[in-house]
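K.L.:
CSV, C-alpha atoms and all ligand atoms, file query.csv:
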chain,number,residue,atom,x,y,z
A,1,MET,CA,-29.8,7.9,18.5
A,2,ARG,CA,-26.1,7.9,17.7
A,3,CYS,CA,-23.4,7.9,20.4
A,4,LEU,CA,-20.4,7.4,18.0
A,5,LYS,CA,-18.9,4.8,20.5
A,6,CYS,CA,-18.6,2.4,17.6
A,7,CYS,CA,-15.8,4.6,16.2
A,8,GLU,CA,-13.7,4.3,19.3
A,9,SER,CA,-11.3,1.6,20.6
A,10,LYS,CA,-11.5,-0.5,17.4
A,11,LYS,CA,-9.0,-1.6,14.8
A,12,ILE,CA,-10.4,-0.7,11.4
A,13,GLN,CA,-8.6,-2.9,8.9
A,14,VAL,CA,-8.4,-1.6,5.3
A,15,ASN,CA,-7.7,-3.2,2.0
A,16,PRO,CA,-6.3,-1.5,-1.1
A,17,TYR,CA,-9.8,-0.7,-2.5
A,18,GLU,CA,-10.9,0.9,0.8
A,19,ILE,CA,-7.6,2.9,1.0
A,20,ALA,CA,-8.2,4.1,-2.6
A,21,ARG,CA,-11.8,5.1,-1.8
A,22,LEU,CA,-10.7,7.1,1.2
A,23,ALA,CA,-7.8,8.7,-0.6
A,24,ARG,CA,-10.1,9.8,-3.4
A,25,ASN,CA,-12.5,11.2,-0.8
A,26,LEU,CA,-9.6,13.4,0.6
A,27,GLY,CA,-8.3,14.2,-2.9
A,28,ILE,CA,-4.9,12.7,-2.2
A,29,SER,CA,-2.9,9.6,-3.6
A,30,THR,CA,-3.0,6.3,-1.9
A,31,THR,CA,0.7,6.8,-1.1
A,32,GLU,CA,-0.1,9.9,0.8
A,33,PHE,CA,-3.1,8.3,2.5
A,34,ILE,CA,-1.1,5.4,3.8
A,35,ALA,CA,1.6,7.7,5.1
A,36,GLY,CA,-0.8,10.1,6.8
A,37,TYR,CA,-3.8,8.1,7.9
A,38,THR,CA,-2.8,4.5,8.6
A,39,ASP,CA,-0.8,2.4,11.0
A,40,GLY,CA,0.7,-1.0,10.4
A,41,ASN,CA,2.2,0.0,7.0
A,42,GLY,CA,-1.2,0.7,5.6
A,43,THR,CA,-3.3,-2.0,7.1
A,44,PHE,CA,-5.3,-0.1,9.8
A,45,LEU,CA,-6.8,3.4,10.1
A,46,LYS,CA,-5.0,5.6,12.6
A,47,PHE,CA,-6.6,6.2,15.9
A,48,ASP,CA,-5.8,9.2,18.1
A,49,GLU,CA,-4.5,9.4,21.7
A,50,GLN,CA,-8.1,9.1,22.9
A,51,ASN,CA,-8.4,5.9,20.9
A,52,ARG,CA,-10.9,7.5,18.4
A,53,CYS,CA,-10.8,7.0,14.7
A,54,THR,CA,-8.9,9.7,12.9
A,55,PHE,CA,-12.0,10.4,10.8
A,56,LEU,CA,-14.4,10.8,13.6
A,57,GLY,CA,-15.7,14.3,13.8
A,58,PRO,CA,-18.1,15.9,16.3
A,59,GLU,CA,-21.1,15.0,14.2
A,60,GLY,CA,-19.9,11.6,13.0
A,61,CYS,CA,-17.8,10.1,10.3
A,62,LEU,CA,-16.0,12.7,8.2
A,63,VAL,CA,-15.6,10.3,5.3
A,64,HIS,CA,-19.1,8.7,5.5
A,65,ALA,CA,-19.6,8.3,1.7
A,66,ASP,CA,-16.4,6.3,1.5
A,67,ARG,CA,-16.2,4.6,4.9
A,68,PRO,CA,-14.7,1.1,5.0
A,69,LEU,CA,-16.7,-2.1,4.8
A,70,VAL,CA,-16.5,-3.0,8.4
A,71,CYS,CA,-18.0,0.4,9.3
A,72,ARG,CA,-20.8,-0.1,6.7
A,73,LEU,CA,-21.6,-3.6,8.1
A,74,TYR,CA,-21.6,-2.7,11.8
A,75,PRO,CA,-23.4,-4.0,13.9
A,76,LEU,CA,-23.1,-7.1,11.6
A,77,GLY,CA,-20.1,-9.3,11.2
A,78,ARG,CA,-19.5,-11.0,7.8
A,79,HIS,CA,-18.2,-14.6,7.8
A,80,PHE,CA,-17.8,-17.6,5.6
A,81,ASN,CA,-18.3,-21.3,6.4
A,82,ASP,CA,-16.2,-24.2,5.1
A,83,ARG,CA,-18.1,-24.3,1.9
A,84,LYS,CA,-17.3,-20.6,1.4
A,85,GLU,CA,-20.9,-19.6,2.0
A,86,GLU,CA,-21.4,-16.1,3.4
A,87,TRP,CA,-23.2,-15.6,6.7
A,88,PHE,CA,-23.7,-12.7,9.1
A,89,SER,CA,-23.7,-12.4,12.9
A,90,GLU,CA,-24.8,-9.5,15.1
A,91,ILE,CA,-21.9,-8.0,17.0
A,92,GLU,CA,-22.5,-7.3,20.7
A,93,PRO,CA,-22.7,-3.5,21.2
A,94,ASP,CA,-20.1,-1.7,23.3
A,95,THR,CA,-21.0,-1.7,27.0
A,96,GLU,CA,-21.2,2.1,26.9
A,97,CYS,CA,-23.2,2.2,23.7
A,98,ARG,CA,-26.2,4.5,23.8
A,99,GLY,CA,-27.2,3.9,20.2
A,100,GLU,CA,-30.5,2.3,19.2
A,101,TYR,CA,-30.3,-0.9,17.1
A,102,GLY,CA,-33.3,-1.3,14.8
A,103,ASP,CA,-34.5,-4.8,13.9
A,104,ASP,CA,-37.2,-3.7,11.5
A,105,THR,CA,-35.3,-4.6,8.3
A,106,SER,CA,-33.8,-7.7,6.7
A,107,ILE,CA,-30.1,-8.3,6.4
A,108,GLU,CA,-30.4,-8.0,2.6
A,109,ASN,CA,-32.1,-4.6,2.9
A,110,TYR,CA,-29.6,-3.4,5.4
A,111,LEU,CA,-26.7,-4.4,3.2
A,112,ALA,CA,-28.3,-2.7,0.2
A,113,GLU,CA,-28.9,0.5,2.2
A,114,GLN,CA,-25.2,0.5,3.3
A,115,GLU,CA,-24.1,0.0,-0.4
A,116,VAL,CA,-21.7,-2.8,0.5
A,117,GLN,CA,-21.6,-4.6,-2.9
A,118,ALA,CA,-18.5,-2.9,-4.4
A,119,TYR,CA,-16.8,-3.3,-1.0
A,120,THR,CA,-17.5,-7.0,-0.6
A,121,GLN,CA,-16.5,-7.8,-4.2
A,122,ALA,CA,-13.2,-6.0,-3.7
A,123,ALA,CA,-12.6,-7.5,-0.3
A,124,ASP,CA,-13.2,-11.0,-1.6
A,125,SER,CA,-10.9,-10.6,-4.7
A,126,TYR,CA,-8.1,-9.1,-2.6
A,127,LEU,CA,-8.4,-11.8,0.0
A,128,ASP,CA,-8.2,-14.5,-2.8
A,129,LEU,CA,-5.0,-12.8,-4.0
A,130,LEU,CA,-3.6,-12.6,-0.5
A,131,TRP,CA,-4.1,-16.3,-0.1
A,132,GLU,CA,-2.4,-17.0,-3.4
A,133,MET,CA,0.6,-14.8,-2.3
A,134,MET,CA,0.8,-16.5,1.1
A,135,ASN,CA,0.8,-20.0,-0.6
A,136,LEU,CA,3.5,-18.8,-3.0
A,137,LEU,CA,5.7,-17.4,-0.2
A,138,GLU,CA,5.2,-20.6,1.8
A,139,GLU,CA,6.2,-22.8,-1.2
A,140,THR,CA,9.2,-20.5,-1.9
A,141,ALA,CA,10.3,-20.7,1.7
A,142,ASP,CA,10.1,-24.5,1.5
A,143,ASP,CA,12.1,-24.5,-1.8
A,144,GLU,CA,14.7,-22.0,-0.7
A,145,GLY,CA,16.6,-24.5,1.4
A,146,ALA,CA,16.8,-26.9,-1.5
A,147,SER,CA,17.7,-24.2,-4.1
A,148,ALA,CA,20.3,-22.5,-2.0
A,149,ASP,CA,23.0,-25.0,-3.0
A,150,SER,CA,22.0,-25.1,-6.6
A,151,GLY,CA,22.0,-21.3,-7.0
A,152,SER,CA,18.4,-21.0,-8.2
A,153,THR,CA,16.6,-17.6,-8.1
A,154,SER,CA,14.7,-16.9,-4.8
A,155,VAL,CA,11.4,-15.0,-4.7
A,156,ASP,CA,13.1,-11.8,-3.6
A,157,GLU,CA,15.3,-11.8,-6.7
A,158,ARG,CA,12.4,-12.1,-9.2
A,159,ASP,CA,10.4,-9.3,-10.8
A,160,MET,CA,8.6,-8.7,-7.5
A,161,PRO,CA,6.5,-5.5,-7.2
A,162,GLU,CA,8.2,-2.8,-5.1
A,163,ASN,CA,7.6,-3.0,-1.3
A,164,GLY,CA,4.2,-1.6,-0.5
A,165,GLU,CA,2.6,-2.1,-3.9
A,166,TRP,CA,0.2,-4.7,-2.5
A,167,LEU,CA,-1.5,-2.0,-0.5
A,168,ASP,CA,-0.6,1.1,-2.4
A,169,MET,CA,-2.8,1.0,-5.5
A,170,ASP,CA,-1.6,4.3,-7.0
A,171,MET,CA,2.1,3.4,-6.7
A,172,ALA,CA,1.6,-0.1,-8.2
A,173,VAL,CA,-0.5,1.1,-11.1
A,174,ARG,CA,1.8,4.0,-11.8
A,175,ASN,CA,4.9,1.7,-11.8
A,176,HIS,CA,3.1,-0.8,-14.0
A,177,CYS,CA,2.0,1.9,-16.5
A,178,LEU,CA,5.6,3.3,-16.6
A,179,ARG,CA,7.0,-0.1,-17.3
A,180,LYS,CA,4.5,-0.7,-20.1
A,181,GLY,CA,4.6,2.9,-21.4
A,182,GLN,CA,0.9,3.3,-21.2
A,183,PRO,CA,-1.4,6.0,-19.6
A,184,CYS,CA,-2.6,5.4,-16.0
A,185,PRO,CA,-6.3,4.9,-15.6
A,186,LEU,CA,-8.1,7.6,-13.6
A,187,ASP,CA,-11.3,5.7,-12.9
A,188,LEU,CA,-11.2,3.9,-9.6
A,189,ASP,CA,-12.8,0.7,-10.8
A,190,GLU,CA,-10.4,0.5,-13.6
A,191,LYS,CA,-7.4,1.2,-11.4
A,192,THR,CA,-8.6,-1.5,-9.0
A,193,ARG,CA,-8.8,-4.0,-11.9
A,194,MET,CA,-5.3,-3.1,-13.0
A,195,HIS,CA,-3.9,-3.3,-9.5
A,196,GLN,CA,-5.3,-6.8,-9.1
A,197,GLU,CA,-4.0,-7.7,-12.5
A,198,VAL,CA,-0.5,-6.5,-11.6
A,199,ILE,CA,-0.6,-8.7,-8.4
A,200,ARG,CA,-2.0,-11.7,-10.4
A,201,LEU,CA,0.7,-11.3,-13.0
A,202,TRP,CA,3.4,-11.4,-10.4
A,203,ILE,CA,2.0,-14.5,-8.8
A,204,LYS,CA,1.8,-16.2,-12.2
A,205,GLN,CA,5.4,-15.3,-13.0
A,206,SER,CA,6.8,-16.4,-9.7
B,301,LIG,S1,-14.1,5.5,9.1
B,301,LIG,FE1,-15.8,6.7,9.9
B,301,LIG,S2,-17.4,5.1,10.5
B,301,LIG,FE2,-15.4,4.1,10.3
B,301,LIG,S3,-14.5,4.1,12.4
B,301,LIG,FE3,-13.7,5.9,11.3
B,301,LIG,S4,-15.2,7.6,11.9
B,301,LIG,FE4,-16.2,5.6,12.3
Please rewrite the model in this file as structure tokens.
Ligand code: SF4
P.N.:
Amino acid sequence: MRCLKCCESKKIQVNPYEIARLARNLGISTTEFIAGYTDGNGTFLKFDEQNRCTFLGPEGCLVHADRPLVCRLYPLGRHFNDRKEEWFSEIEPDTECRGEYGDDTSIENYLAEQEVQAYTQAADSYLDLLWEMMNLLEETADDEGASADSGSTSVDERDMPENGEWLDMDMAVRNHCLRKGQPCPLDLDEKTRMHQEVIRLWIKQS
């Protein structure tokens, strides 16, 4: 039995791959998706006044085929230990949950049924890039005091992607292709690879 409570009162965080999958599902660009369907500058799905996910319909998820990773995993939580080994926990159901949790399958089978592989790969590679960017910004903040007197270039003055390109795959890929004078890829996997390459290039150049 489904009660749809798991799509209420949550914060559904999304990464650029998840945004791109959902945007493609709706037939719009990631720029339009971020503006219309997310909060926190593109980091969370919008929830309505009743605290229900913007994609929750009377019969369930309206974007089921492209729902984010956290929705696919539920009621599992995905974690990593100090050695970067993946492990899963079972999330306590909502107190008002009327759904039935089955325990007649293995975690491996459940993950395969939920088709999480493309999502976990994308989540891991974007997370690695995010850590690299955070380290870079921290190093830059440390250096800025020292460089202020010497007139060195700060991170903001370098060839930094436009604001929002970290999350907005279509904008980043379009700007990159315009700069390079090359056609934009249409395939989502190729766009994802190019988006990550753009971010990686910027980190290397900084
Ligand atoms: S995206 Fe779909 S499954 Fe995920 S919270 Fe929203 S309605 Fe529920």
K.L.:
Could you make a table, as JSON lines, of the residues of chain A that have an atom within 6 Å of an atom of ligand LIG 301 (chain B), each with its nearest atom pair and distance in Å to one decimal, counting only C-alpha atoms and all ligand atoms, in chain and number order?
P.N.:
{"residue": "A:Cys7", "atom": "CA", "partner": "B:LIG301", "partner_atom": "FE4", "distance": 4.0}
{"residue": "A:Cys53", "atom": "CA", "partner": "B:LIG301", "partner_atom": "FE3", "distance": 4.6}
{"residue": "A:Phe55", "atom": "CA", "partner": "B:LIG301", "partner_atom": "S4", "distance": 4.4}
{"residue": "A:Leu56", "atom": "CA", "partner": "B:LIG301", "partner_atom": "S4", "distance": 3.7}
{"residue": "A:Cys61", "atom": "CA", "partner": "B:LIG301", "partner_atom": "S4", "distance": 3.9}
{"residue": "A:Val63", "atom": "CA", "partner": "B:LIG301", "partner_atom": "FE1", "distance": 5.8}
{"residue": "A:His64", "atom": "CA", "partner": "B:LIG301", "partner_atom": "FE1", "distance": 5.9}
{"residue": "A:Arg67", "atom": "CA", "partner": "B:LIG301", "partner_atom": "S1", "distance": 4.8}
{"residue": "A:Cys71", "atom": "CA", "partner": "B:LIG301", "partner_atom": "FE2", "distance": 4.6}
K.L.:
If I take CA of Thr54 in chain A and CA of Thr192 in chain A, how far is one from the other in Å, to one decimal?
P.N.:
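CA of Thr54 in chain A sits 24.6 Å away from CA of Thr192 in chain A.
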K.L.:
Find the residues around Pro68 in chain A up to 7 Å (all atoms listed in the file counted), leave out those fewer than 2 positions away in its own chain, and share them as a ChimeraX atom specification.
P.N.:
/A:14,18,66,70-72
K.L.:
Tell me which protein, DNA and RNA residues are within 6 Å of Phe44 in chain A, counting all atoms listed in the file, leaving out same-chain ones fewer than 3 positions away, and put them as an NGL selection string.
P.N.:
:A and (12-14 or 38-39)
K.L.:
Identify, on the basis of all atoms listed in the file, every residue whose closest approach to Gln121 in chain A does not exceed 12 Å; exclude the query and any residue fewer than 5 positions from it along the same chain; express the result as a list in words.
P.N.:
Asn15, Tyr17, Glu18, Leu69, Glu115, Val116, Tyr126, Leu127, Asp128, Asp189, Thr192 and Arg193 of chain A
K.L.:
Pick from A:Pro16, A:Leu188, A:Tyr74, A:Gly102: nearest to Glu90 in chain A, with all atoms listed in the file counted?
P.N.:
A:Tyr74
K.L.:
Record the distance separating CA of Phe47 in chain A and CA of Ala23 in chain A, expressed in Å with one decimal.
P.N.:
16.7 Å
K.L.:
What separation in Å, quoted to one decimal, exists between CA of Gly60 in chain A and CA of Thr43 in chain A?
P.N.:
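Pair CA of Gly60 in chain A / CA of Thr43 in chain A returns 22.3 Å.
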K.L.:
Which one of A:Ile199, A:Glu113, A:Asn41, A:Leu73 sits closest to Gly164 in chain A if you count all atoms listed in the file?
P.N.:
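Of all the options, A:Asn41 lies closest to Gly164 in chain A.
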K.L.:
Can you pull out the residues contacting Asp94 in chain A? Cut-off 10 Å, using all atoms listed in the file, and skip same-chain residues under 6 positions away; I want them as a PyMOL selection string.
P.N.:
chain A and resi 5-6+8-9
K.L.:
In terms of the shortest atom-to-atom distance over all atoms listed in the file, which of A:Val173, A:Leu178, A:Ala118, A:Ile19 is closest to Glu32 in chain A?
P.N.:
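Smallest separation from Glu32 in chain A among the options: A:Ile19.
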K.L.:
Would you be able to write out as an NGL selection string which residues have an atom within 9 Å of (-21.2, 3.3, 24.3) in the file's coordinates, counting only C-alpha atoms?
P.N.:
:A and (3-6 or 93-99)
K.L.:
So that I can see what lies close to Cys184 in chain A, please list as a list of chain:residue names the residues with an atom at most 8 Å from it, counting all atoms listed in the file and leaving out residues fewer than 2 positions away in the same chain.
P.N.:
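In the requested format, the answer is A:Val173, A:Arg174, A:Cys177, A:Gln182, A:Leu186, A:Lys191.
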K.L.:
Out of A:Glu139, A:Met169, A:Gln205, A:Asn109, which residue has the shortest atom-to-atom distance to Arg24 in chain A when counting all atoms listed in the file?
P.N.:
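Result for the nearest residue to Arg24 in chain A: A:Met169.
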K.L.:
Name the residues within 6 Å of (-4.1, 4.1, 2.0), counting all atoms listed in the file in the file's coordinates, and put them as a list in words.
P.N.:
Ile19, Thr30, Phe33, Ile34 and Gly42 of chain A
K.L.:
Take range 194-205 of chain A from the preceding structure and save N, CA, C and O atoms as a short mmCIF file (atom, residue, chain, number, x, y, z; two decimals), in the first residue's frame.
P.N.:
data_model
loop_
_atom_site.label_atom_id
_atom_site.label_comp_id
_atom_site.auth_asym_id
_atom_site.auth_seq_id
_atom_site.Cartn_x
_atom_site.Cartn_y
_atom_site.Cartn_z
N MET A 194 30.51 16.65 -20.39
CA MET A 194 31.06 17.96 -20.74
C MET A 194 30.93 18.95 -19.58
O MET A 194 31.83 19.72 -19.30
N HIS A 195 29.81 18.90 -18.89
CA HIS A 195 29.61 19.79 -17.75
C HIS A 195 30.68 19.55 -16.68
O HIS A 195 31.29 20.49 -16.15
N GLN A 196 30.94 18.28 -16.40
CA GLN A 196 31.96 17.97 -15.39
C GLN A 196 33.35 18.38 -15.89
O GLN A 196 34.19 18.82 -15.10
N GLU A 197 33.56 18.26 -17.19
CA GLU A 197 34.84 18.66 -17.76
C GLU A 197 35.03 20.17 -17.63
O GLU A 197 36.13 20.65 -17.31
N VAL A 198 33.97 20.92 -17.86
CA VAL A 198 34.03 22.39 -17.74
C VAL A 198 34.41 22.77 -16.31
O VAL A 198 35.28 23.61 -16.08
N ILE A 199 33.78 22.12 -15.34
CA ILE A 199 34.08 22.42 -13.93
C ILE A 199 35.53 22.02 -13.61
O ILE A 199 36.27 22.77 -12.98
N ARG A 200 35.91 20.83 -14.10
CA ARG A 200 37.28 20.34 -13.84
C ARG A 200 38.33 21.28 -14.44
O ARG A 200 39.34 21.59 -13.82
N LEU A 201 38.04 21.77 -15.64
CA LEU A 201 38.97 22.69 -16.32
C LEU A 201 39.15 23.96 -15.50
O LEU A 201 40.27 24.46 -15.33
N TRP A 202 38.03 24.47 -15.00
CA TRP A 202 38.10 25.69 -14.22
C TRP A 202 38.93 25.46 -12.96
O TRP A 202 39.77 26.29 -12.60
N ILE A 203 38.72 24.31 -12.31
CA ILE A 203 39.48 24.02 -11.08
C ILE A 203 40.97 23.95 -11.41
O ILE A 203 41.80 24.50 -10.68
N LYS A 204 41.32 23.30 -12.53
CA LYS A 204 42.73 23.17 -12.91
C LYS A 204 43.35 24.52 -13.21
O LYS A 204 44.50 24.77 -12.90
N GLN A 205 42.57 25.39 -13.86
CA GLN A 205 43.12 26.69 -14.26
C GLN A 205 43.24 27.65 -13.08
O GLN A 205 43.91 28.66 -13.18
#
